[in-house]
Structures are given as structure tokens and as C-alpha cells.
$ cat protein.cif   # mmCIF, C-alpha atoms and all ligand atoms
data_model
#
loop_
_atom_site.group_PDB
_atom_site.id
_atom_site.type_symbol
_atom_site.label_atom_id
_atom_site.label_comp_id
_atom_site.auth_asym_id
_atom_site.auth_seq_id
_atom_site.Cartn_x
_atom_site.Cartn_y
_atom_site.Cartn_z
ATOM 1 C CA MET A 1 15.667 18.161 -26.528
ATOM 2 C CA GLU A 2 14.275 20.843 -28.847
ATOM 3 C CA PHE A 3 11.292 20.800 -31.209
ATOM 4 C CA PHE A 4 10.813 23.864 -33.414
ATOM 5 C CA GLY A 5 12.855 25.894 -30.933
ATOM 6 C CA LEU A 6 10.783 24.684 -27.943
ATOM 7 C CA SER A 7 11.782 22.304 -25.167
ATOM 8 C CA ASP A 8 9.981 18.938 -25.363
ATOM 9 C CA GLY A 9 7.707 19.936 -22.472
ATOM 10 C CA ALA A 10 6.836 23.298 -24.062
ATOM 11 C CA PHE A 11 6.299 21.583 -27.438
ATOM 12 C CA ARG A 12 3.835 19.101 -25.921
ATOM 13 C CA PHE A 13 2.075 21.893 -24.055
ATOM 14 C CA ALA A 14 1.802 23.962 -27.262
ATOM 15 C CA ILE A 15 0.199 21.035 -29.136
ATOM 16 C CA PHE A 16 -2.094 20.357 -26.170
ATOM 17 C CA GLY A 17 -3.169 24.019 -25.872
ATOM 18 C CA THR A 18 -3.775 24.381 -29.610
ATOM 19 C CA VAL A 19 -5.869 21.206 -29.893
ATOM 20 C CA LEU A 20 -7.818 21.999 -26.701
ATOM 21 C CA LEU A 21 -8.671 25.500 -27.907
ATOM 22 C CA THR A 22 -9.677 24.178 -31.344
ATOM 23 C CA MET A 23 -11.951 21.550 -29.751
ATOM 24 C CA VAL A 24 -13.580 24.109 -27.424
ATOM 25 C CA ILE A 25 -14.396 26.295 -30.447
ATOM 26 C CA VAL A 26 -15.676 23.341 -32.501
ATOM 27 C CA GLU A 27 -17.836 22.123 -29.564
ATOM 28 C CA ALA A 28 -19.306 25.620 -29.172
ATOM 29 C CA ILE A 29 -20.120 25.945 -32.880
ATOM 30 C CA MET A 30 -21.500 22.460 -33.513
ATOM 31 C CA PRO A 31 -22.148 20.487 -30.330
ATOM 32 C CA ARG A 32 -23.098 16.812 -30.727
ATOM 33 C CA ARG A 33 -25.247 16.406 -27.588
ATOM 34 C CA LYS A 34 -27.161 18.801 -25.372
ATOM 35 C CA ARG A 35 -25.445 19.658 -22.098
ATOM 36 C CA ARG A 36 -27.037 18.516 -18.815
ATOM 37 C CA PHE A 37 -24.581 20.163 -16.421
ATOM 38 C CA SER A 38 -22.965 23.578 -16.308
ATOM 39 C CA ARG A 39 -19.761 23.720 -18.266
ATOM 40 C CA LEU A 40 -18.122 25.966 -15.667
ATOM 41 C CA LYS A 41 -18.535 23.386 -12.887
ATOM 42 C CA ARG A 42 -17.361 20.393 -14.906
ATOM 43 C CA TRP A 43 -14.528 22.200 -16.593
ATOM 44 C CA SER A 44 -13.162 23.695 -13.382
ATOM 45 C CA THR A 45 -13.202 20.221 -11.803
ATOM 46 C CA ASN A 46 -11.581 18.536 -14.799
ATOM 47 C CA LEU A 47 -8.959 21.297 -15.044
ATOM 48 C CA GLY A 48 -8.433 20.972 -11.283
ATOM 49 C CA ILE A 49 -7.819 17.226 -11.706
ATOM 50 C CA MET A 50 -5.258 17.968 -14.441
ATOM 51 C CA LEU A 51 -3.544 20.480 -12.183
ATOM 52 C CA SER A 52 -3.404 17.821 -9.431
ATOM 53 C CA ASP A 53 -1.807 15.466 -11.988
ATOM 54 C CA TYR A 54 0.781 18.072 -12.837
ATOM 55 C CA VAL A 55 1.704 18.710 -9.191
ATOM 56 C CA SER A 56 1.720 14.956 -8.407
ATOM 57 C CA VAL A 57 4.004 14.152 -11.357
ATOM 58 C CA ILE A 58 6.456 16.910 -10.359
ATOM 59 C CA ALA A 59 6.507 15.593 -6.769
ATOM 60 C CA PHE A 60 6.802 11.991 -7.999
ATOM 61 C CA THR A 61 9.664 12.633 -10.425
ATOM 62 C CA PHE A 62 11.454 14.590 -7.704
ATOM 63 C CA ILE A 63 11.483 11.397 -5.619
ATOM 64 C CA VAL A 64 11.664 8.825 -8.452
ATOM 65 C CA PRO A 65 13.208 10.502 -11.518
ATOM 66 C CA ILE A 66 11.403 8.438 -14.171
ATOM 67 C CA THR A 67 9.488 9.688 -17.184
ATOM 68 C CA ALA A 68 8.953 8.148 -20.623
ATOM 69 C CA VAL A 69 11.589 10.471 -22.144
ATOM 70 C CA ILE A 70 14.147 9.801 -19.367
ATOM 71 C CA ALA A 71 13.605 6.041 -19.916
ATOM 72 C CA ALA A 72 14.239 6.484 -23.670
ATOM 73 C CA PHE A 73 17.512 8.374 -23.071
ATOM 74 C CA TRP A 74 18.605 5.812 -20.494
ATOM 75 C CA ALA A 75 17.824 2.887 -22.864
ATOM 76 C CA GLN A 76 19.756 4.571 -25.677
ATOM 77 C CA LYS A 77 22.781 5.268 -23.471
ATOM 78 C CA ASN A 78 22.903 1.728 -22.110
ATOM 79 C CA GLY A 79 21.989 -0.105 -25.326
ATOM 80 C CA TRP A 80 18.705 -1.391 -23.890
ATOM 81 C CA GLY A 81 15.668 -2.285 -25.964
ATOM 82 C CA LEU A 82 15.028 -3.981 -29.274
ATOM 83 C CA LEU A 83 15.324 -0.857 -31.429
ATOM 84 C CA ASN A 84 18.718 -0.001 -29.922
ATOM 85 C CA ILE A 85 19.963 -3.472 -30.847
ATOM 86 C CA LEU A 86 18.473 -3.793 -34.362
ATOM 87 C CA GLU A 87 19.828 -1.690 -37.217
ATOM 88 C CA LEU A 88 16.656 -0.444 -38.885
ATOM 89 C CA PRO A 89 15.977 2.522 -41.168
ATOM 90 C CA LEU A 90 14.892 5.566 -39.138
ATOM 91 C CA TRP A 91 11.355 5.673 -40.596
ATOM 92 C CA MET A 92 10.804 2.025 -39.678
ATOM 93 C CA GLU A 93 12.127 2.603 -36.173
ATOM 94 C CA TRP A 94 9.680 5.492 -35.676
ATOM 95 C CA LEU A 95 6.772 3.522 -37.140
ATOM 96 C CA ILE A 96 7.454 0.546 -34.872
ATOM 97 C CA ALA A 97 7.909 2.865 -31.866
ATOM 98 C CA ILE A 98 4.553 4.584 -32.417
ATOM 99 C CA LEU A 99 2.694 1.332 -33.161
ATOM 100 C CA VAL A 100 4.097 -0.529 -30.154
ATOM 101 C CA LEU A 101 3.645 2.373 -27.722
ATOM 102 C CA ASP A 102 0.061 2.849 -28.896
ATOM 103 C CA PHE A 103 -0.594 -0.857 -28.381
ATOM 104 C CA VAL A 104 0.872 -0.618 -24.858
ATOM 105 C CA ILE A 105 -1.440 2.310 -24.010
ATOM 106 C CA TRP A 106 -4.402 0.382 -25.454
ATOM 107 C CA PHE A 107 -3.490 -2.671 -23.345
ATOM 108 C CA GLN A 108 -2.971 -0.543 -20.234
ATOM 109 C CA HIS A 109 -6.441 0.938 -20.770
ATOM 110 C CA LEU A 110 -7.924 -2.555 -21.167
ATOM 111 C CA ILE A 111 -6.428 -3.800 -17.886
ATOM 112 C CA THR A 112 -7.669 -0.724 -16.005
ATOM 113 C CA HIS A 113 -11.150 -2.027 -16.859
ATOM 114 C CA LYS A 114 -10.422 -5.661 -15.941
ATOM 115 C CA ILE A 115 -8.442 -5.404 -12.671
ATOM 116 C CA PRO A 116 -10.686 -4.160 -9.824
ATOM 117 C CA ILE A 117 -8.071 -2.017 -8.049
ATOM 118 C CA LEU A 118 -7.170 -0.296 -11.339
ATOM 119 C CA TRP A 119 -10.843 0.164 -12.211
ATOM 120 C CA ARG A 120 -11.328 2.014 -8.888
ATOM 121 C CA ILE A 121 -8.814 4.584 -10.135
ATOM 122 C CA HIS A 122 -9.846 4.620 -13.803
ATOM 123 C CA ARG A 123 -13.548 5.065 -12.985
ATOM 124 C CA VAL A 124 -12.724 8.684 -12.025
ATOM 125 C CA HIS A 125 -12.381 9.246 -15.779
ATOM 126 C CA HIS A 126 -15.607 7.359 -16.545
ATOM 127 C CA SER A 127 -17.590 9.085 -13.800
ATOM 128 C CA ASP A 128 -17.758 12.294 -15.847
ATOM 129 C CA VAL A 129 -21.478 12.736 -16.499
ATOM 130 C CA GLU A 130 -20.878 14.362 -19.826
ATOM 131 C CA MET A 131 -18.208 13.935 -22.407
ATOM 132 C CA ASP A 132 -16.285 16.726 -24.052
ATOM 133 C CA ALA A 133 -12.662 17.736 -24.571
ATOM 134 C CA SER A 134 -12.283 18.344 -20.804
ATOM 135 C CA THR A 135 -13.028 14.646 -20.131
ATOM 136 C CA ALA A 136 -9.704 13.880 -21.847
ATOM 137 C CA ILE A 137 -7.808 15.534 -18.982
ATOM 138 C CA ARG A 138 -9.867 13.887 -16.233
ATOM 139 C CA PHE A 139 -7.515 11.134 -15.052
ATOM 140 C CA HIS A 140 -6.722 10.538 -11.389
ATOM 141 C CA PRO A 141 -3.064 11.368 -10.440
ATOM 142 C CA VAL A 142 -2.516 7.732 -9.393
ATOM 143 C CA GLU A 143 -3.495 6.590 -12.909
ATOM 144 C CA ILE A 144 -1.087 9.114 -14.449
ATOM 145 C CA ILE A 145 1.773 7.833 -12.271
ATOM 146 C CA PHE A 146 0.816 4.209 -12.991
ATOM 147 C CA SER A 147 0.967 5.099 -16.686
ATOM 148 C CA ILE A 148 4.503 6.516 -16.290
ATOM 149 C CA PHE A 149 5.671 3.117 -14.978
ATOM 150 C CA VAL A 150 3.920 1.214 -17.781
ATOM 151 C CA LYS A 151 5.370 3.488 -20.483
ATOM 152 C CA ALA A 152 8.874 3.534 -18.949
ATOM 153 C CA GLY A 153 8.847 -0.285 -18.739
ATOM 154 C CA ALA A 154 7.765 -0.609 -22.367
ATOM 155 C CA ILE A 155 10.385 1.935 -23.465
ATOM 156 C CA LEU A 156 13.202 0.096 -21.683
ATOM 157 C CA LEU A 157 12.244 -3.065 -23.585
ATOM 158 C CA LEU A 158 11.628 -1.354 -26.920
ATOM 159 C CA GLY A 159 14.357 1.326 -26.950
ATOM 160 C CA PRO A 160 12.658 3.973 -29.126
ATOM 161 C CA ALA A 161 14.307 7.332 -29.881
ATOM 162 C CA ALA A 162 13.449 9.935 -27.214
ATOM 163 C CA ALA A 163 12.123 12.236 -29.969
ATOM 164 C CA ALA A 164 9.713 9.488 -31.113
ATOM 165 C CA VAL A 165 8.444 9.212 -27.529
ATOM 166 C CA VAL A 166 7.761 12.965 -27.352
ATOM 167 C CA ILE A 167 5.929 12.897 -30.709
ATOM 168 C CA PHE A 168 3.954 9.830 -29.614
ATOM 169 C CA GLU A 169 2.857 11.495 -26.361
ATOM 170 C CA ALA A 170 1.815 14.639 -28.244
ATOM 171 C CA LEU A 171 -0.151 12.468 -30.718
ATOM 172 C CA VAL A 172 -1.974 10.532 -27.996
ATOM 173 C CA ASN A 173 -2.788 13.662 -25.964
ATOM 174 C CA GLY A 174 -3.992 15.540 -29.048
ATOM 175 C CA SER A 175 -5.993 12.526 -30.195
ATOM 176 C CA ALA A 176 -7.626 12.105 -26.757
ATOM 177 C CA LEU A 177 -8.757 15.762 -26.773
ATOM 178 C CA PHE A 178 -10.180 15.217 -30.260
ATOM 179 C CA ASN A 179 -12.013 11.958 -29.606
ATOM 180 C CA HIS A 180 -13.562 13.062 -26.295
ATOM 181 C CA ALA A 181 -14.866 16.261 -27.915
ATOM 182 C CA ASN A 182 -18.612 16.813 -28.096
ATOM 183 C CA PHE A 183 -18.895 17.141 -31.836
ATOM 184 C CA LYS A 184 -19.724 15.006 -34.814
ATOM 185 C CA LEU A 185 -17.648 14.353 -37.881
ATOM 186 C CA PRO A 186 -19.678 14.032 -41.092
ATOM 187 C CA LYS A 187 -20.699 10.363 -41.406
ATOM 188 C CA ALA A 188 -18.559 9.580 -44.465
ATOM 189 C CA ILE A 189 -15.457 11.191 -42.940
ATOM 190 C CA ASP A 190 -16.023 9.415 -39.615
ATOM 191 C CA ALA A 191 -16.252 6.066 -41.445
ATOM 192 C CA LEU A 192 -13.000 6.748 -43.269
ATOM 193 C CA VAL A 193 -11.044 8.130 -40.297
ATOM 194 C CA ARG A 194 -12.054 5.350 -37.879
ATOM 195 C CA ARG A 195 -10.524 2.669 -40.076
ATOM 196 C CA LEU A 196 -7.223 3.789 -38.588
ATOM 197 C CA PHE A 197 -7.914 6.396 -35.915
ATOM 198 C CA VAL A 198 -10.363 6.759 -33.023
ATOM 199 C CA THR A 199 -13.154 9.262 -33.764
ATOM 200 C CA PRO A 200 -15.413 11.084 -31.249
ATOM 201 C CA ASP A 201 -18.388 8.850 -32.151
ATOM 202 C CA MET A 202 -16.263 5.730 -31.701
ATOM 203 C CA HIS A 203 -14.913 6.780 -28.301
ATOM 204 C CA ARG A 204 -18.324 7.969 -27.046
ATOM 205 C CA VAL A 205 -19.436 4.312 -27.043
ATOM 206 C CA HIS A 206 -16.715 3.697 -24.407
ATOM 207 C CA HIS A 207 -18.320 6.294 -22.090
ATOM 208 C CA SER A 208 -21.772 4.685 -22.192
ATOM 209 C CA VAL A 209 -23.306 3.520 -18.897
ATOM 210 C CA HIS A 210 -23.914 0.073 -20.425
ATOM 211 C CA PRO A 211 -21.064 -2.179 -19.183
ATOM 212 C CA LYS A 212 -20.720 -3.976 -22.503
ATOM 213 C CA GLU A 213 -20.118 -0.644 -24.218
ATOM 214 C CA THR A 214 -17.878 0.694 -21.426
ATOM 215 C CA ASP A 215 -15.710 -2.409 -21.955
ATOM 216 C CA SER A 216 -15.140 -1.690 -25.640
ATOM 217 C CA ASN A 217 -13.241 0.788 -27.840
ATOM 218 C CA TYR A 218 -10.192 1.168 -25.587
ATOM 219 C CA GLY A 219 -8.095 2.995 -28.195
ATOM 220 C CA PHE A 220 -6.990 6.591 -27.670
ATOM 221 C CA PHE A 221 -5.174 7.123 -30.975
ATOM 222 C CA LEU A 222 -5.253 4.130 -33.345
ATOM 223 C CA SER A 223 -8.521 2.222 -33.724
ATOM 224 C CA ILE A 224 -6.842 -0.908 -35.102
ATOM 225 C CA TRP A 225 -6.262 -2.693 -31.770
ATOM 226 C CA ASP A 226 -9.966 -2.787 -30.933
ATOM 227 C CA GLN A 227 -10.715 -4.033 -34.433
ATOM 228 C CA ILE A 228 -8.008 -6.723 -34.259
ATOM 229 C CA PHE A 229 -8.771 -7.949 -30.734
ATOM 230 C CA GLY A 230 -12.566 -7.924 -30.997
ATOM 231 C CA THR A 231 -13.266 -5.092 -28.549
ATOM 232 C CA TYR A 232 -14.734 -2.821 -31.205
ATOM 233 C CA ILE A 233 -18.353 -1.624 -31.021
ATOM 234 C CA ALA A 234 -19.304 0.673 -33.903
ATOM 235 C CA GLN A 235 -22.257 2.582 -32.404
ATOM 236 C CA PRO A 236 -24.012 2.876 -29.008
ATOM 237 C CA LYS A 237 -27.207 0.804 -28.796
ATOM 238 C CA ASP A 238 -29.225 3.796 -27.517
ATOM 239 C CA GLY A 239 -27.932 6.150 -30.198
ATOM 240 C CA HIS A 240 -25.582 9.092 -29.706
ATOM 241 C CA ASP A 241 -28.296 11.573 -28.657
ATOM 242 C CA GLU A 242 -30.172 9.326 -26.224
ATOM 243 C CA MET A 243 -27.321 7.320 -24.700
ATOM 244 C CA VAL A 244 -26.422 8.029 -21.069
ATOM 245 C CA ILE A 245 -22.807 8.995 -20.384
ATOM 246 C CA GLY A 246 -20.918 8.139 -17.216
ATOM 247 C CA LEU A 247 -21.491 5.436 -14.610
ATOM 248 C CA ASN A 248 -24.945 4.129 -13.699
ATOM 249 C CA GLU A 249 -24.545 4.756 -9.969
ATOM 250 C CA TRP A 250 -23.561 8.411 -10.249
ATOM 251 C CA GLN A 251 -25.899 10.282 -12.523
ATOM 252 C CA ASP A 252 -26.225 13.301 -10.240
ATOM 253 C CA ASP A 253 -23.840 16.247 -9.981
ATOM 254 C CA ALA A 254 -21.464 14.521 -7.488
ATOM 255 C CA PRO A 255 -18.862 13.740 -10.218
ATOM 256 C CA THR A 256 -18.685 17.451 -11.045
ATOM 257 C CA ARG A 257 -16.948 18.076 -7.693
ATOM 258 C CA TRP A 258 -13.144 17.954 -7.477
ATOM 259 C CA THR A 259 -12.915 16.473 -3.947
ATOM 260 C CA TRP A 260 -15.457 13.781 -4.846
ATOM 261 C CA ALA A 261 -13.418 12.797 -7.911
ATOM 262 C CA ILE A 262 -10.064 12.755 -6.100
ATOM 263 C CA LEU A 263 -11.505 10.648 -3.249
ATOM 264 C CA LEU A 264 -13.465 8.256 -5.500
ATOM 265 C CA PRO A 265 -10.738 5.534 -5.686
ATOM 266 C CA PHE A 266 -10.716 5.357 -1.879
ATOM 267 C CA THR A 267 -14.466 5.251 -1.358
ATOM 268 C CA ASN A 268 -16.571 2.130 -1.127
ATOM 269 C CA PRO A 269 -16.859 0.663 -4.610
ATOM 270 C CA LYS A 270 -20.467 0.232 -5.603
ATOM 271 C CA SER A 271 -19.671 -0.222 -9.225
ATOM 272 C CA THR A 272 -22.452 -1.908 -11.117
ATOM 273 C CA LYS A 273 -20.222 -2.169 -14.180
ATOM 274 C CA ASN A 274 -20.460 -5.936 -14.178
ATOM 275 C CA SER A 275 -24.206 -6.061 -13.884
ATOM 276 C CA ASP A 276 -26.323 -4.164 -16.327
ATOM 277 C CA LYS A 277 -29.458 -4.355 -14.179
ATOM 278 C CA THR A 278 -29.780 -0.688 -13.390
ATOM 279 C CA SER A 279 -31.342 1.100 -16.265
ATOM 280 C CA ILE A 280 -31.151 4.844 -16.294
ATOM 281 C CA SER A 281 -32.902 6.905 -18.864
ATOM 282 C CA ASN A 282 -31.378 10.136 -20.001
ATOM 283 C CA PRO A 283 -33.036 12.936 -18.008
ATOM 284 C CA SER A 284 -32.651 15.253 -20.989
ATOM 285 C CA SER A 285 -34.225 12.855 -23.463
ATOM 286 C CA LYS A 286 -37.871 13.295 -24.314
ATOM 287 C CA GLY A 287 -38.706 9.736 -25.237
ATOM 288 C CA SER A 288 -37.943 6.678 -23.124
ATOM 289 C CA ASP A 289 -35.636 3.893 -24.221
HETATM 290 ZN ZN ZN A 301 -11.876 3.564 -19.988
#
$ encode --input "protein.cif" --output "C-alpha cells" --more "lines below"
Ligand SMILES: [Zn+2]
Amino acid sequence: MEFFGLSDGAFRFAIFGTVLLTMVIVEAIMPRRKRRFSRLKRWSTNLGIMLSDYVSVIAFTFIVPITAVIAAFWAQKNGWGLLNILELPLWMEWLIAILVLDFVIWFQHLITHKIPILWRIHRVHHSDVEMDASTAIRFHPVEIIFSIFVKAGAILLLGPAAAAVVIFEALVNGSALFNHANFKLPKAIDALVRRLFVTPDMHRVHHSVHPKETDSNYGFFLSIWDQIFGTYIAQPKDGHDEMVIGLNEWQDDAPTRWTWAILLPFTNPKSTKNSDKTSISNPSSKGSD
């Protein structure tokens, strides 16, 4: 499948690279929060995790040839899925495809917080002690493969066009890079954008050490699901400058190491996510909270 003369993989990579580079420049020009850890260390680890994802997905699809796009082609060929049965105008088909797939990703994110074994894997993402565009690529390979199954299952039931799936994946990836970025939209623009889409200030709440805030704002692209299902928190209680990012139990530089992050799902869980007793104050903040 071709997009602007590129294969679907190259098209997604081009969008990803362009948005990542833009975010890195924006973060350098107008950072939102002061950095506590060296960028080199965190970025090399987060890039290393992404590389592990890439290798794992290649190995996985070699054994089990399933991806979201393959599922869409298969559904189309075999007449599977609602959209392959209904005769709808193309624009409506695409709109439904993007809305439903975004809801599925939102719901998948919610259950990774609620089911302990999934939280073990997802906490690799939350263990990042700072939040910037590189946090958006910090997902454990097992979570990426789990996500392939969830998306493929949803696609077999929904039957969206393969092109809509590629566009959706590019949108979600681009949006995740944007809303993890360490920068601030002007207040009025943020208020307008977040009516429909997740903004960096909205998603930062989700990376707070306070469990109530961690378990909110699950959206990666559209903000509507959190608003509809009551999981929306507008601002962090400690404020964007003073709030502590990451998980309470790991506020040192351990999460900046690749081996630590890859092994985290298999280490003894000492997650205090469900008890907010531990209070950590931001080492970089001058005042206390
Ligand atoms: Zn999360």
C-alpha cells in the first residue's frame, strides 16, 4: 500500500520522524519543566526500548504474521467486520474507523492500569522520571505485542479500510509524541484543543506520581473518552512545575537504565499506585508541597 509514493511503513516512519524532530526543537526552545536527569541517558534508554520493540515485533510477526494492517486486509478479503457488511459513504466509514479504533486504544490503556499483570508491563512507561517526547516511545515490547492483538481483534470485528488503519496509527503515534512533549501550549489554545484532542498539559496529569492522577486522562489522541467516561482530570493538584513525574517508588536514576526498564515487568512489584501514602517532593522544587 502506497502513501505519497511511500510504503505504509515508510509513510508512518516519515510522520514519526518529522513530529519527533519538531517536538525536540520545540522542547529545546521553550521547555515546560526543568530537567532533573541528563537527556542523553534518558533518551538513549528510551530509544533503546523502541529499538527492542522494533526487533521484537519483527521476530513476532515472523512467527505469528499479524499486524493491524494485515488484519484489515484479511477482514476485507473475507467480508469480516461491521464496515465490510454495511454500505456507508467513505467519509463516514473513515470517521467511524478512527473513532472506534481510538476508543479501543483508550480502553486498552485503561485496562493496563486496572489489571495487575498488565500494569507490571505498562509501568515501564510510567517509570520514566521525566516526561518529554522520548517518553512516547518508552513502551515495553510485551505491551507493544499485546497491543497488536487488541488492535487486530478490534479490526476483525470492525472491518475498517487498511488505509484508514495506517492513517489512524500515524495519528496516534504523532499525537503521543506531541502530548508527551515537555512544552506548553498557550492557555487559550490548550483549552480549545483539549475539547477534542489530548494536549501536553492534559497528558502530564497522567504521569503524576499521585495514583488518582495516574489513573486519569488515558487518551492518546482524542480527549473525548476521558470526558465522557469520567476519567478526566483537568490539571495536576501540585501544578505543572512542582508536580513529580513517574512512580513514587522509583525517583532515582534507575529508570534511566535500559536493562532496568526491560526487566521491570519481571521484578518484584512494589507498586504503591493503590496507596497514596508515600509523599515525594520534587527534588528540583524550591518550596515544599
Ligand atoms: Zn498509562
$ residues_near_ligand --input "protein.cif" --ligand "ligand ZN 301 (chain A)" --cutoff "10 Å" --atoms "all atoms listed in the file" --output "list of chain:residue names"
A:Trp106, A:Gln108, A:His109, A:Leu110, A:Ile111, A:Thr112, A:His113, A:Trp119, A:His122, A:Arg123, A:Val124, A:His125, A:His126, A:His203, A:His206, A:His207, A:Thr214, A:Asp215, A:Ser216, A:Asn217, A:Tyr218, A:Gly219, A:Phe220
$ closest_residue --input "protein.cif" --among "A:Leu82, A:Ile25, A:Ile137, A:Ala162" --to "Thr67 (chain A)" --atoms "all atoms listed in the file"
A:Ala162
$ closest_residue --input "protein.cif" --among "A:Ala163, A:Thr135, A:Leu101, A:Asn78" --to "Arg39 (chain A)" --atoms "all atoms listed in the file"
A:Thr135
$ atom_distance --input "protein.cif" --atom1 "CA of Ile115 (chain A)" --atom2 "CA of Lys237 (chain A)"
25.5 Å
$ closest_residue --input "protein.cif" --among "A:Leu158, A:Ala136, A:Phe4, A:Val24" --to "Leu86 (chain A)" --atoms "only C-alpha atoms"
A:Leu158
$ residues_near_point --input "protein.cif" --point "(-6.1, 10.8, -28.4)" --cutoff "12 Å" --atoms "all atoms listed in the file" --output "ChimeraX atom specification"
/A:16,19-20,102,105-106,133,135-137,168-181,197-200,202-203,218-223
$ residues_near_point --input "protein.cif" --point "(-22.2, 10.4, -17.4)" --cutoff "7 Å" --atoms "only C-alpha atoms" --output "PyMOL selection string"
chain A and resi 127-130+244-247+251
$ resolve_selection --input "protein.cif" --expression "the PyMOL selection byres (((chain A and resi 141-155) around 7) and not hetatm)" --output "VMD selection string"
chain A and resid 52 to 53 56 to 57 67 to 68 71 to 72 121 to 122 139 to 140 156 to 160
$ atom_distance --input "protein.cif" --atom1 "CA of Arg257 (chain A)" --atom2 "CA of Arg138 (chain A)"
11.9 Å
$ resolve_selection --input "protein.cif" --expression "the PyMOL selection byres (((chain A and resi 241) around 9) and not hetatm)" --output "PyMOL selection string"
chain A and resi 32-34+238-240+242-244+285
$ atom_distance --input "protein.cif" --atom1 "CA of Leu83 (chain A)" --atom2 "CA of Ile228 (chain A)"
24.2 Å
$ closest_residue --input "protein.cif" --among "A:Trp258, A:Ser208, A:Val166, A:Leu263" --to "Ile15 (chain A)" --atoms "all atoms listed in the file"
A:Val166
$ closest_residue --input "protein.cif" --among "A:Thr18, A:Ala164, A:Val104, A:Ala97" --to "Phe3 (chain A)" --atoms "all atoms listed in the file"
A:Ala164
$ closest_residue --input "protein.cif" --among "A:Lys212, A:Leu192, A:Val69, A:Gly81" --to "Gly9 (chain A)" --atoms "all atoms listed in the file"
A:Val69
